[in-house]
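Everything below belongs to my_file_8.tsv, which stores TSV, C-alpha atoms and all ligand atoms.
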```tsv
chain	number	residue	atom	x	y	z
A	1	MET	CA	-45.92	46.21	41.80
A	2	LEU	CA	-43.32	43.71	42.83
A	3	TRP	CA	-44.01	42.34	46.27
A	4	THR	CA	-40.29	42.34	46.98
A	5	ASP	CA	-40.44	46.15	46.72
A	6	LYS	CA	-43.78	46.45	48.45
A	7	TYR	CA	-42.60	44.40	51.42
A	8	ARG	CA	-39.02	45.53	51.55
A	9	PRO	CA	-38.21	46.01	55.24
A	10	LYS	CA	-37.98	49.61	56.41
A	11	SER	CA	-36.31	48.97	59.76
A	12	PHE	CA	-33.93	46.47	61.33
A	13	ASP	CA	-36.86	44.92	63.17
A	14	ASP	CA	-38.62	44.17	59.89
A	15	VAL	CA	-35.61	42.32	58.51
A	16	VAL	CA	-36.16	38.59	58.91
A	17	GLY	CA	-33.42	36.37	60.31
A	18	ASN	CA	-29.75	37.09	61.07
A	19	VAL	CA	-30.57	38.27	64.57
A	20	LYS	CA	-27.00	38.30	65.89
A	21	GLN	CA	-25.72	39.98	62.78
A	22	LYS	CA	-28.36	42.69	63.02
A	23	ALA	CA	-27.36	43.41	66.62
A	24	ILE	CA	-23.73	43.89	65.60
A	25	ILE	CA	-24.73	46.16	62.74
A	26	LYS	CA	-26.94	48.26	64.99
A	27	LYS	CA	-24.05	48.71	67.39
A	28	TRP	CA	-21.82	49.76	64.52
A	29	VAL	CA	-24.32	52.45	63.55
A	30	GLU	CA	-24.71	53.62	67.15
A	31	LYS	CA	-20.98	53.99	67.57
A	32	TRP	CA	-20.65	56.08	64.45
A	33	LYS	CA	-23.48	58.26	65.65
A	34	ASN	CA	-21.71	58.71	68.98
A	35	GLY	CA	-18.66	59.99	67.15
A	36	GLU	CA	-16.64	56.77	67.32
A	37	PRO	CA	-15.35	55.87	63.86
A	38	GLN	CA	-15.69	52.19	63.00
A	39	PRO	CA	-14.01	50.03	60.39
A	40	PRO	CA	-16.01	49.51	57.20
A	41	LEU	CA	-18.75	46.92	57.39
A	42	LEU	CA	-18.59	44.05	54.94
A	43	LEU	CA	-21.79	42.06	54.66
A	44	ILE	CA	-21.13	38.75	52.96
A	45	GLY	CA	-23.83	36.24	52.26
A	46	PRO	CA	-26.10	34.46	49.83
A	47	ALA	CA	-28.53	36.21	47.47
A	48	GLY	CA	-31.88	37.40	48.72
A	49	THR	CA	-31.05	37.51	52.41
A	50	GLY	CA	-31.36	41.26	52.88
A	51	LYS	CA	-27.87	42.69	52.44
A	52	THR	CA	-28.87	45.56	50.16
A	53	THR	CA	-31.97	46.11	52.22
A	54	ILE	CA	-29.91	46.44	55.40
A	55	ALA	CA	-27.50	48.86	53.72
A	56	HIS	CA	-30.44	51.13	52.93
A	57	ILE	CA	-31.76	50.88	56.45
A	58	ILE	CA	-28.31	51.94	57.67
A	59	ALA	CA	-28.38	54.80	55.15
A	60	ASP	CA	-31.54	56.16	56.79
A	61	GLU	CA	-29.51	56.62	59.96
A	62	PHE	CA	-27.01	58.95	58.33
A	63	SER	CA	-27.64	62.41	56.98
A	64	GLU	CA	-26.41	61.55	53.51
A	65	TYR	CA	-25.26	58.59	51.55
A	66	ILE	CA	-23.77	57.74	48.20
A	67	GLU	CA	-24.04	54.43	46.49
A	68	LEU	CA	-21.61	52.82	44.13
A	69	ASN	CA	-21.58	49.54	42.38
A	70	ALA	CA	-17.97	48.53	42.63
A	71	SER	CA	-18.18	46.33	39.54
A	72	ASP	CA	-19.27	49.27	37.41
A	73	LYS	CA	-16.39	51.43	38.47
A	74	ARG	CA	-13.45	49.35	37.67
A	75	SER	CA	-10.74	51.80	37.05
A	76	HIS	CA	-8.53	53.25	39.68
A	77	ASP	CA	-9.23	56.83	38.61
A	78	LEU	CA	-12.95	56.47	38.66
A	79	LEU	CA	-12.97	54.94	42.10
A	80	MET	CA	-10.66	57.59	43.41
A	81	THR	CA	-12.56	60.55	42.06
A	82	THR	CA	-15.95	59.17	42.91
A	83	ILE	CA	-15.33	58.05	46.43
A	84	GLY	CA	-11.78	59.12	47.19
A	85	GLU	CA	-12.81	62.63	48.11
A	86	SER	CA	-15.90	61.85	50.06
A	87	ALA	CA	-14.10	59.09	51.86
A	88	ASN	CA	-11.65	61.31	53.66
A	89	THR	CA	-13.36	64.66	53.88
A	90	TYR	CA	-16.14	65.37	56.28
A	91	SER	CA	-19.35	66.42	54.74
A	92	LEU	CA	-20.12	70.13	54.66
A	93	PHE	CA	-22.47	70.00	57.57
A	94	GLY	CA	-20.25	69.77	60.61
A	95	ASN	CA	-20.08	66.30	61.98
A	96	ASN	CA	-22.68	64.82	59.72
A	97	ARG	CA	-21.39	61.67	58.16
A	98	LYS	CA	-21.81	60.60	54.62
A	99	LEU	CA	-22.34	56.88	54.32
A	100	ILE	CA	-20.69	55.16	51.40
A	101	ILE	CA	-22.43	52.05	50.11
A	102	MET	CA	-20.61	49.71	47.78
A	103	ASP	CA	-22.47	46.69	46.52
A	104	GLU	CA	-20.91	43.62	44.90
A	105	VAL	CA	-17.34	44.32	45.96
A	106	ASP	CA	-16.48	40.74	45.01
A	107	GLY	CA	-17.42	41.70	41.46
A	108	ILE	CA	-14.46	44.00	41.04
A	109	HIS	CA	-12.18	42.75	38.35
A	110	GLY	CA	-9.21	42.29	40.60
A	111	THR	CA	-7.06	40.11	38.41
A	112	ASN	CA	-7.52	41.92	35.12
A	113	ASP	CA	-7.68	45.32	36.68
A	114	ARG	CA	-5.72	45.45	39.87
A	115	GLY	CA	-6.42	49.15	40.13
A	116	GLY	CA	-10.00	48.53	41.15
A	117	THR	CA	-9.27	46.48	44.23
A	118	LYS	CA	-6.18	48.47	45.08
A	119	ALA	CA	-8.05	51.75	45.05
A	120	LEU	CA	-10.82	50.25	47.08
A	121	ASN	CA	-8.39	48.96	49.69
A	122	LYS	CA	-6.74	52.35	49.93
A	123	ILE	CA	-10.07	54.04	50.46
A	124	ILE	CA	-11.08	51.52	53.05
A	125	LYS	CA	-7.91	52.15	55.00
A	126	GLU	CA	-8.03	55.92	54.78
A	127	SER	CA	-11.70	56.64	54.92
A	128	LYS	CA	-12.98	58.80	57.72
A	129	GLN	CA	-16.50	58.14	56.59
A	130	PRO	CA	-18.67	55.14	57.31
A	131	ILE	CA	-18.58	52.50	54.61
A	132	VAL	CA	-20.86	49.55	54.04
A	133	MET	CA	-19.91	46.94	51.47
A	134	MET	CA	-21.75	43.88	50.28
A	135	ALA	CA	-20.57	40.68	48.63
A	136	ASN	CA	-21.83	37.18	47.93
A	137	ASP	CA	-18.75	35.05	47.71
A	138	PHE	CA	-17.07	34.60	51.07
A	139	TYR	CA	-14.04	32.97	49.50
A	140	SER	CA	-13.53	35.38	46.61
A	141	ASN	CA	-9.86	36.28	46.40
A	142	LYS	CA	-10.93	39.81	45.62
A	143	LEU	CA	-12.02	40.10	49.22
A	144	THR	CA	-8.82	38.92	50.89
A	145	THR	CA	-7.41	42.35	51.67
A	146	ILE	CA	-10.77	44.00	52.10
A	147	LYS	CA	-11.69	41.44	54.73
A	148	LYS	CA	-8.58	42.27	56.76
A	149	ASN	CA	-9.52	45.92	56.94
A	150	ALA	CA	-13.23	45.54	57.50
A	151	GLN	CA	-15.63	44.26	60.07
A	152	VAL	CA	-16.88	41.15	58.36
A	153	ILE	CA	-20.47	40.13	58.95
A	154	LYS	CA	-21.33	36.74	57.55
A	155	MET	CA	-25.01	36.70	56.69
A	156	ASP	CA	-26.83	33.39	56.87
A	157	LYS	CA	-29.49	32.04	54.61
A	158	ILE	CA	-32.95	32.69	56.01
A	159	LYS	CA	-34.32	29.62	57.73
A	160	SER	CA	-37.41	28.18	56.14
A	161	PRO	CA	-39.72	28.61	59.17
A	162	SER	CA	-38.83	32.32	59.17
A	163	ILE	CA	-39.49	32.54	55.45
A	164	ASN	CA	-42.79	30.78	55.98
A	165	LYS	CA	-43.78	33.16	58.75
A	166	PHE	CA	-42.89	36.22	56.70
A	167	LEU	CA	-44.90	35.02	53.71
A	168	ARG	CA	-47.89	34.17	55.89
A	169	ASP	CA	-47.95	36.98	58.46
A	170	VAL	CA	-46.67	39.84	56.39
A	171	VAL	CA	-47.26	39.23	52.70
A	172	LEU	CA	-50.38	37.05	52.52
A	173	LYS	CA	-52.07	38.66	55.50
A	174	ASN	CA	-51.68	42.10	54.00
A	175	GLU	CA	-52.83	40.89	50.59
A	176	GLY	CA	-55.82	39.19	52.19
A	177	ILE	CA	-55.02	35.87	50.56
A	178	GLU	CA	-55.37	32.45	52.13
A	179	VAL	CA	-53.37	29.48	50.94
A	180	ASP	CA	-52.76	25.85	51.77
A	181	LYS	CA	-50.30	25.94	54.64
A	182	ASP	CA	-48.47	22.75	53.67
A	183	VAL	CA	-47.79	24.02	50.17
A	184	LEU	CA	-46.64	27.33	51.61
A	185	MET	CA	-44.20	25.48	53.84
A	186	LYS	CA	-42.97	23.54	50.83
A	187	LEU	CA	-42.43	26.76	48.94
A	188	SER	CA	-40.51	28.22	51.89
A	189	LYS	CA	-38.25	25.20	52.08
A	190	ARG	CA	-37.67	25.11	48.37
A	191	SER	CA	-36.39	28.65	48.18
A	192	SER	CA	-33.29	27.43	50.05
A	193	GLY	CA	-32.80	30.43	52.27
A	194	ASP	CA	-33.44	33.04	49.59
A	195	LEU	CA	-36.29	35.21	50.80
A	196	ARG	CA	-36.44	37.22	47.60
A	197	SER	CA	-37.00	34.12	45.52
A	198	ALA	CA	-39.68	32.91	47.96
A	199	VAL	CA	-41.59	36.20	47.72
A	200	ASN	CA	-41.27	36.25	43.94
A	201	THR	CA	-42.47	32.68	43.56
A	202	LEU	CA	-45.43	33.33	45.82
A	203	GLN	CA	-46.42	36.43	43.91
A	204	ALA	CA	-46.12	34.64	40.58
A	205	LEU	CA	-48.42	31.87	41.80
A	206	VAL	CA	-51.14	33.57	43.82
A	207	GLU	CA	-51.48	37.10	42.53
A	208	ASN	CA	-54.68	37.70	40.56
A	209	GLY	CA	-56.61	34.86	42.12
A	210	GLY	CA	-54.15	32.07	41.41
A	211	GLU	CA	-54.26	29.10	43.74
A	212	LEU	CA	-51.21	27.80	45.54
A	213	THR	CA	-51.29	24.12	44.70
A	214	GLU	CA	-48.54	21.57	44.86
A	215	GLU	CA	-48.68	21.10	41.07
A	216	ALA	CA	-48.39	24.82	40.43
A	217	LEU	CA	-45.43	25.00	42.76
A	218	ASP	CA	-43.74	22.02	41.13
A	219	SER	CA	-44.23	23.56	37.73
A	220	THR	CA	-42.25	26.66	38.64
A	221	SER	CA	-38.74	25.92	37.62
A	222	GLN	CA	-36.10	25.19	40.18
A	223	LYS	CA	-34.42	28.22	41.61
A	224	ASP	CA	-32.13	29.12	38.77
A	225	ASN	CA	-28.96	30.05	40.60
A	226	THR	CA	-28.78	26.87	42.59
A	227	SER	CA	-26.84	24.31	40.65
A	228	THR	CA	-27.78	20.76	41.27
A	229	ILE	CA	-25.06	18.29	42.03
A	230	PHE	CA	-25.25	16.99	38.45
A	231	ASP	CA	-24.78	20.46	37.02
A	232	THR	CA	-21.74	20.98	39.19
A	233	VAL	CA	-20.13	17.66	38.31
A	234	THR	CA	-20.76	18.35	34.62
A	235	ARG	CA	-19.25	21.79	34.97
A	236	VAL	CA	-16.13	20.45	36.67
A	237	LEU	CA	-15.60	17.70	34.11
A	238	LYS	CA	-16.63	19.64	31.01
A	239	SER	CA	-15.31	23.13	31.63
A	240	LYS	CA	-11.80	24.45	31.75
A	241	ASN	CA	-12.83	27.88	32.95
A	242	PRO	CA	-11.83	28.25	36.62
A	243	GLU	CA	-14.33	31.04	37.26
A	244	HIS	CA	-17.23	28.94	35.99
A	245	VAL	CA	-16.12	25.93	37.96
A	246	LYS	CA	-15.70	27.91	41.18
A	247	CYS	CA	-19.00	29.61	40.70
A	248	SER	CA	-20.83	26.35	40.21
A	249	LEU	CA	-19.30	24.86	43.34
A	250	PHE	CA	-20.10	27.96	45.34
A	251	GLU	CA	-23.71	27.97	44.28
A	252	ASN	CA	-24.15	24.32	45.04
A	253	ASN	CA	-25.89	23.79	48.32
A	254	GLU	CA	-25.02	20.14	48.67
A	255	ASP	CA	-22.56	18.78	51.16
A	256	PRO	CA	-19.18	19.44	49.49
A	257	THR	CA	-17.86	16.02	50.46
A	258	LEU	CA	-20.81	14.49	48.64
A	259	VAL	CA	-19.97	16.57	45.57
A	260	MET	CA	-16.42	15.24	45.87
A	261	GLU	CA	-17.69	11.64	45.87
A	262	TYR	CA	-19.69	12.37	42.74
A	263	ILE	CA	-16.73	13.90	40.99
A	264	ALA	CA	-14.59	10.88	41.89
A	265	GLU	CA	-17.18	8.51	40.52
A	266	ASN	CA	-17.48	10.34	37.23
A	267	ILE	CA	-13.86	11.21	36.43
A	268	PRO	CA	-13.15	8.00	34.46
A	269	ARG	CA	-16.46	8.24	32.65
A	270	GLU	CA	-15.47	11.56	31.14
A	271	TYR	CA	-11.68	11.65	30.97
A	272	GLU	CA	-10.05	9.23	28.56
A	273	SER	CA	-6.31	9.57	28.82
A	274	ASN	CA	-4.66	7.76	31.69
A	275	ARG	CA	-2.63	10.79	32.61
A	276	GLU	CA	-5.71	12.94	32.90
A	277	VAL	CA	-7.49	10.37	35.01
A	278	GLN	CA	-4.47	10.01	37.26
A	279	LYS	CA	-4.04	13.74	37.69
A	280	ALA	CA	-7.73	14.25	38.32
A	281	TYR	CA	-7.71	11.60	41.04
A	282	GLU	CA	-4.66	13.18	42.61
A	283	MET	CA	-6.53	16.44	42.77
A	284	ASN	CA	-9.60	14.82	44.21
A	285	SER	CA	-7.60	13.04	46.87
A	286	GLN	CA	-6.00	16.36	47.83
A	287	ALA	CA	-9.50	17.65	48.34
A	288	ASP	CA	-10.26	14.70	50.58
A	289	LEU	CA	-7.10	15.46	52.53
A	290	TYR	CA	-8.17	19.01	53.15
A	291	PHE	CA	-11.61	17.93	54.25
A	292	GLY	CA	-9.80	15.70	56.72
A	293	ARG	CA	-7.60	18.57	57.86
A	294	THR	CA	-10.65	20.74	58.35
A	295	ARG	CA	-12.04	18.05	60.58
A	296	SER	CA	-8.92	17.53	62.65
A	297	SER	CA	-7.85	21.15	62.98
A	298	GLN	CA	-11.29	22.74	63.02
A	299	TYR	CA	-9.76	25.40	60.83
A	300	TYR	CA	-12.42	26.11	58.27
A	301	GLY	CA	-10.02	27.97	55.95
A	302	TYR	CA	-8.96	24.54	54.63
A	303	TRP	CA	-12.41	24.15	53.20
A	304	LYS	CA	-11.55	26.48	50.35
A	305	TYR	CA	-8.52	24.40	49.36
A	306	ALA	CA	-10.62	21.27	49.26
A	307	SER	CA	-13.07	23.02	47.00
A	308	ASP	CA	-10.33	24.31	44.71
A	309	PHE	CA	-8.68	20.90	44.36
A	310	MET	CA	-11.83	19.01	43.53
A	311	GLY	CA	-13.10	21.81	41.30
A	312	VAL	CA	-10.44	23.76	39.45
A	313	GLY	CA	-7.87	21.01	40.08
A	314	VAL	CA	-9.95	18.27	38.51
A	315	SER	CA	-11.25	20.49	35.71
A	316	THR	CA	-7.76	21.52	34.59
A	317	ALA	CA	-6.44	17.97	34.73
A	318	LYS	CA	-7.75	17.44	31.20
A	319	ARG	CA	-5.90	18.75	28.19
A	320	ASP	CA	-8.99	19.57	26.20
A	321	THR	CA	-12.69	19.41	26.67
A	322	TYR	CA	-14.27	16.20	25.43
A	323	ARG	CA	-16.98	16.61	22.86
A	324	LYS	CA	-19.14	13.79	23.98
A	325	TYR	CA	-22.12	13.20	26.16
A	326	SER	CA	-21.46	11.32	29.37
A	327	LYS	CA	-24.25	10.76	31.81
A	328	VAL	CA	-23.37	11.79	35.33
A	329	ILE	CA	-24.10	8.94	37.67
A	330	SER	CA	-24.20	8.76	41.43
A	331	PRO	CA	-21.57	6.83	43.36
A	332	MET	CA	-22.99	3.35	43.70
A	333	ALA	CA	-20.52	1.29	45.64
A	334	PHE	CA	-21.89	2.27	48.98
A	335	SER	CA	-24.91	3.83	50.53
A	336	LEU	CA	-23.87	7.40	50.18
A	337	MET	CA	-26.10	9.20	52.53
A	338	GLY	CA	-25.15	6.85	55.31
A	339	ARG	CA	-21.50	7.40	54.59
A	340	THR	CA	-21.69	11.13	54.50
A	341	ARG	CA	-23.90	11.57	57.52
A	342	GLY	CA	-20.89	12.10	59.75
A	343	LYS	CA	-19.36	14.53	57.31
A	344	ARG	CA	-22.57	16.45	57.02
A	345	ALA	CA	-22.77	16.72	60.78
A	346	LEU	CA	-19.18	17.96	60.74
A	347	ARG	CA	-20.02	20.57	58.15
A	348	ASP	CA	-22.87	21.88	60.27
A	349	GLU	CA	-20.64	21.97	63.29
A	350	ILE	CA	-17.95	23.91	61.44
A	351	ALA	CA	-20.53	26.29	60.05
A	352	SER	CA	-21.77	27.10	63.51
A	353	LYS	CA	-18.20	27.56	64.76
A	354	MET	CA	-17.56	29.94	61.90
A	355	GLU	CA	-20.65	31.84	62.83
A	356	GLU	CA	-19.44	32.25	66.41
A	357	LYS	CA	-16.12	33.60	65.27
A	358	MET	CA	-17.57	36.14	62.89
B	1	LIG	N1	-34.09	39.28	55.61
B	1	LIG	C1	-35.13	39.75	54.90
B	1	LIG	N2	-36.27	40.14	55.50
B	1	LIG	C2	-37.31	40.58	54.78
B	1	LIG	N3	-37.30	40.67	53.42
B	1	LIG	C3	-36.21	40.30	52.77
B	1	LIG	C4	-35.06	39.81	53.47
B	1	LIG	N4	-34.12	39.48	52.57
B	1	LIG	C5	-34.63	39.75	51.37
B	1	LIG	N5	-35.88	40.23	51.47
B	1	LIG	C6	-36.76	40.58	50.34
B	1	LIG	O1	-36.03	40.34	49.15
B	1	LIG	C7	-35.74	41.54	48.46
B	1	LIG	C8	-34.31	41.53	48.02
B	1	LIG	O2	-33.44	41.60	49.13
B	1	LIG	P1	-32.00	42.25	49.04
B	1	LIG	O3	-31.86	43.02	47.79
B	1	LIG	O4	-31.74	42.97	50.30
B	1	LIG	O5	-31.11	40.94	48.98
B	1	LIG	P2	-29.53	40.82	48.88
B	1	LIG	O6	-29.08	40.03	50.06
B	1	LIG	O7	-28.93	42.16	48.71
B	1	LIG	O8	-29.35	39.92	47.59
B	1	LIG	P3	-28.18	39.94	46.47
B	1	LIG	O9	-27.05	39.17	47.05
B	1	LIG	O10	-28.79	39.25	45.30
B	1	LIG	O11	-27.85	41.38	46.19
B	1	LIG	C9	-36.09	42.66	49.45
B	1	LIG	O12	-36.62	43.76	48.77
B	1	LIG	C10	-37.13	42.03	50.33
B	1	LIG	O13	-38.40	42.16	49.73
B	2	MG	MG	-27.93	43.03	47.10
```
Please express the file's structure as structure tokens.
Ligand SMILES: Nc1ncnc2c1ncn2[C@@H]1O[C@H](COP(=O)(O)OP(=O)(O)OP(=O)(O)O)[C@@H](O)[C@H]1O
Ligand SMILES: [Mg+2]
Amino acid sequence: MLWTDKYRPKSFDDVVGNVKQKAIIKKWVEKWKNGEPQPPLLLIGPAGTGKTTIAHIIADEFSEYIELNASDKRSHDLLMTTIGESANTYSLFGNNRKLIIMDEVDGIHGTNDRGGTKALNKIIKESKQPIVMMANDFYSNKLTTIKKNAQVIKMDKIKSPSINKFLRDVVLKNEGIEVDKDVLMKLSKRSSGDLRSAVNTLQALVENGGELTEEALDSTSQKDNTSTIFDTVTRVLKSKNPEHVKCSLFENNEDPTLVMEYIAENIPREYESNREVQKAYEMNSQADLYFGRTRSSQYYGYWKYASDFMGVGVSTAKRDTYRKYSKVISPMAFSLMGRTRGKRALRDEIASKMEEKM
């Protein structure tokens, strides 16, 4: 049995991390139960942090629930018939509410199939039933309207000490397994806030008498959905597909201004025509501008523009993709980490401001 199923939290208290967020969610549930309708909940956050788990814990609080994967039900008609009715009619049993759960609402094909998002937005506005939605990509344009009509809860990554504690005090304790505590801490840190991946890695390594050694841990491949900075730079310079470029930037956990420095360094190594190089640098300097604006205005919405300029902007500056191998190198002219320390501090500050506002 998968440990992620075995140790899936059954109550809010069992859910690790996101303490403030959980409190808001609990209040939302209480209000519904007291007969006060609430706007739909939209849980947005990285993979493996407990969004789906929380939705099911919420479901236990209601008499009934239905679950839909928004990306599977693209068409307007399907969405309407499946949830349209239940969204604005009360369930048969008096005041009992039927919870509607919609996972991956950022997966709806909004641009190719406007119907999907449009129908969803209509339902969100008109629904008399509680709705919980989940998404990964905070900046997805598919969420723009949904966000306006929902109570947005931004879920954080799980901090590594909390991951460590969960693995030790819940999983390993129950399994009766002892491991090297330093290696366990290393594993917790390496899962970069993704509790599911931490539990999976641990199970893969220690189930059936395996020993948790540093070598064993190192041999497990890097978490596959986290692009390294080199992957991202390669993607930006090699791809012309905006979705792929955006995705790679979103999944990258590095300081975005550092990624920008890397892109700048590597533009002339990949692009050959002067016009392309010029345009790419224009895009990159726009990104720098928006990072600056973020800093001076403290308006984090600018962050997205910076990301789009240095990503999609730079990637579409080339006419065609070059069929050649260029090694991505790190910016050498200065000591990077020293230079970006201030920016990284800024990023953390903005992140905590965002958290307060949400
Ligand atoms: N906060 C948490 N506390 C305890 N266990 C967790 C937590 N987050 C994730 N897990 C573990 O990871 C598994 C997967 O979590 P879940 O499906 O809720 O993640 P998610 O946020 O919905 O991820 P995704 O974005 O990929 O859908 C759970 O079954 C549980 O075992
Ligand atoms: Mg999920």
Go through the chains and note each residue within 8 Å of ligand LIG 1 (chain B), using all atoms listed in the file, then give the set as an mmCIF file with C-alpha atoms, in the coordinates of the input.
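File part.cif, as written:
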```
data_model
loop_
_atom_site.group_PDB
_atom_site.id
_atom_site.type_symbol
_atom_site.label_atom_id
_atom_site.label_comp_id
_atom_site.auth_asym_id
_atom_site.auth_seq_id
_atom_site.Cartn_x
_atom_site.Cartn_y
_atom_site.Cartn_z
ATOM 1 C CA TRP A 3 -44.010 42.340 46.270
ATOM 2 C CA THR A 4 -40.290 42.340 46.980
ATOM 3 C CA ASP A 5 -40.440 46.150 46.720
ATOM 4 C CA LYS A 6 -43.780 46.450 48.450
ATOM 5 C CA TYR A 7 -42.600 44.400 51.420
ATOM 6 C CA ARG A 8 -39.020 45.530 51.550
ATOM 7 C CA PRO A 9 -38.210 46.010 55.240
ATOM 8 C CA ASP A 14 -38.620 44.170 59.890
ATOM 9 C CA VAL A 15 -35.610 42.320 58.510
ATOM 10 C CA VAL A 16 -36.160 38.590 58.910
ATOM 11 C CA GLY A 17 -33.420 36.370 60.310
ATOM 12 C CA ASN A 18 -29.750 37.090 61.070
ATOM 13 C CA GLY A 45 -23.830 36.240 52.260
ATOM 14 C CA PRO A 46 -26.100 34.460 49.830
ATOM 15 C CA ALA A 47 -28.530 36.210 47.470
ATOM 16 C CA GLY A 48 -31.880 37.400 48.720
ATOM 17 C CA THR A 49 -31.050 37.510 52.410
ATOM 18 C CA GLY A 50 -31.360 41.260 52.880
ATOM 19 C CA LYS A 51 -27.870 42.690 52.440
ATOM 20 C CA THR A 52 -28.870 45.560 50.160
ATOM 21 C CA THR A 53 -31.970 46.110 52.220
ATOM 22 C CA ILE A 54 -29.910 46.440 55.400
ATOM 23 C CA ASP A 103 -22.470 46.690 46.520
ATOM 24 C CA GLU A 104 -20.910 43.620 44.900
ATOM 25 C CA MET A 134 -21.750 43.880 50.280
ATOM 26 C CA ALA A 135 -20.570 40.680 48.630
ATOM 27 C CA ASN A 136 -21.830 37.180 47.930
ATOM 28 C CA ILE A 158 -32.950 32.690 56.010
ATOM 29 C CA PHE A 166 -42.890 36.220 56.700
ATOM 30 C CA ASP A 194 -33.440 33.040 49.590
ATOM 31 C CA LEU A 195 -36.290 35.210 50.800
ATOM 32 C CA ARG A 196 -36.440 37.220 47.600
ATOM 33 C CA SER A 197 -37.000 34.120 45.520
ATOM 34 C CA VAL A 199 -41.590 36.200 47.720
#
```
Residue nearest ligand MG 2 (chain B) - candidates A:Leu120, A:Asp218, A:Phe291, A:Met155, atoms counted: only C-alpha atoms and all ligand atoms:
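The answer is A:Met155, which sits nearest to ligand MG 2 (chain B).
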Name the residues in contact with A:Val152 at a cut-off of 9 Å, using all atoms listed in the file, excluding same-chain residues fewer than 2 positions from it; report them as a count of residues only.
11
Given the choices A:Asp137, A:Glu251, A:Glu207, A:Glu36, which gets closest to A:Arg97 if the distance is worked out from all atoms listed in the file?
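Selected residue with least distance to A:Arg97: A:Glu36.
Omitting A:Asn164 and its sequence neighbours fewer than 2 positions away, and counting only C-alpha atoms, the residues within 7 Å are Ser160, Pro161, Ser162, Phe166, Leu167, Arg168, Leu184, Met185 and Ser188 of chain A.
A cut-off of 12 Å from the point (-53.4, 39.0, 49.1), with only C-alpha atoms, picks out the residues Trp3, Leu167, Arg168, Asp169, Val170, Val171, Leu172, Lys173, Asn174, Glu175, Gly176, Ile177, Glu178, Val179, Leu202, Gln203, Leu205, Val206, Glu207, Asn208, Gly209, Gly210, Glu211 and Leu212 of chain A.
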Skip stretch 265-274 of chain A itself and residues of its chain fewer than 6 positions away, then list as a list in words all residues within 9 Å of it, counting all atoms listed in the file.
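Result of the neighbour search: Val233, Leu237, Lys238, Ala280, Tyr281, Val314, Lys318, Thr321, Tyr322, Lys324, Tyr325, Ser326, Lys327, Val328, Ile329, Ser330, Pro331 and Met332 of chain A.
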Separation of atom CA of A:Ala119 from atom CA of A:Leu99 in Å:
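These atoms are spaced 17.8 Å apart.
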Nearest to A:Thr228 by atom-to-atom distance, counting all atoms listed in the file, from A:Asn252, A:Ile101, A:Thr213, A:Lys240
A:Asn252
Exercise: A:Arg235 partners within 9 Å, all atoms listed in the file, chain neighbours under 6 positions left out, as JSON, numbers by chain:
{"A": [244, 245, 248, 249, 311, 315]}
Would you work out the distance separating atom CA of A:Lys27 from atom CA of A:Tyr139, expressed in Å to one decimal?
25.8 Å
Find the distance between atom CA of A:Asp255 and atom CA of A:Arg190 and write it in Å to one decimal.
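One can read the atom CA of A:Asp255 to atom CA of A:Arg190 distance as 16.6 Å.
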Residue contacts of stretch 284-286 of chain A (8 Å, only C-alpha atoms) excluding same-chain residues fewer than 2 positions away, as a PyMOL selection string
chain A and resi 260+263-264+280-282+288-290+306+309-310+313-314
Point out the residue among A:Lys304, A:Val29, A:Phe62, A:Ala55 with the least atom-to-atom distance to ligand MG 2 (chain B), counting all atoms listed in the file.
A:Ala55
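With only C-alpha atoms and all ligand atoms as the basis for measurement, A:Met102 is the residue among A:Met102, A:Trp32, A:Glu64, A:Lys22 that approaches ligand MG 2 (chain B) most closely.
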Just checking: using only C-alpha atoms and all ligand atoms, which residue out of A:Lys31, A:Lys159, A:His56, A:Lys186 ends up closest to ligand MG 2 (chain B)?
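When distances to ligand MG 2 (chain B) are compared using only C-alpha atoms and all ligand atoms, the smallest one comes from A:His56.
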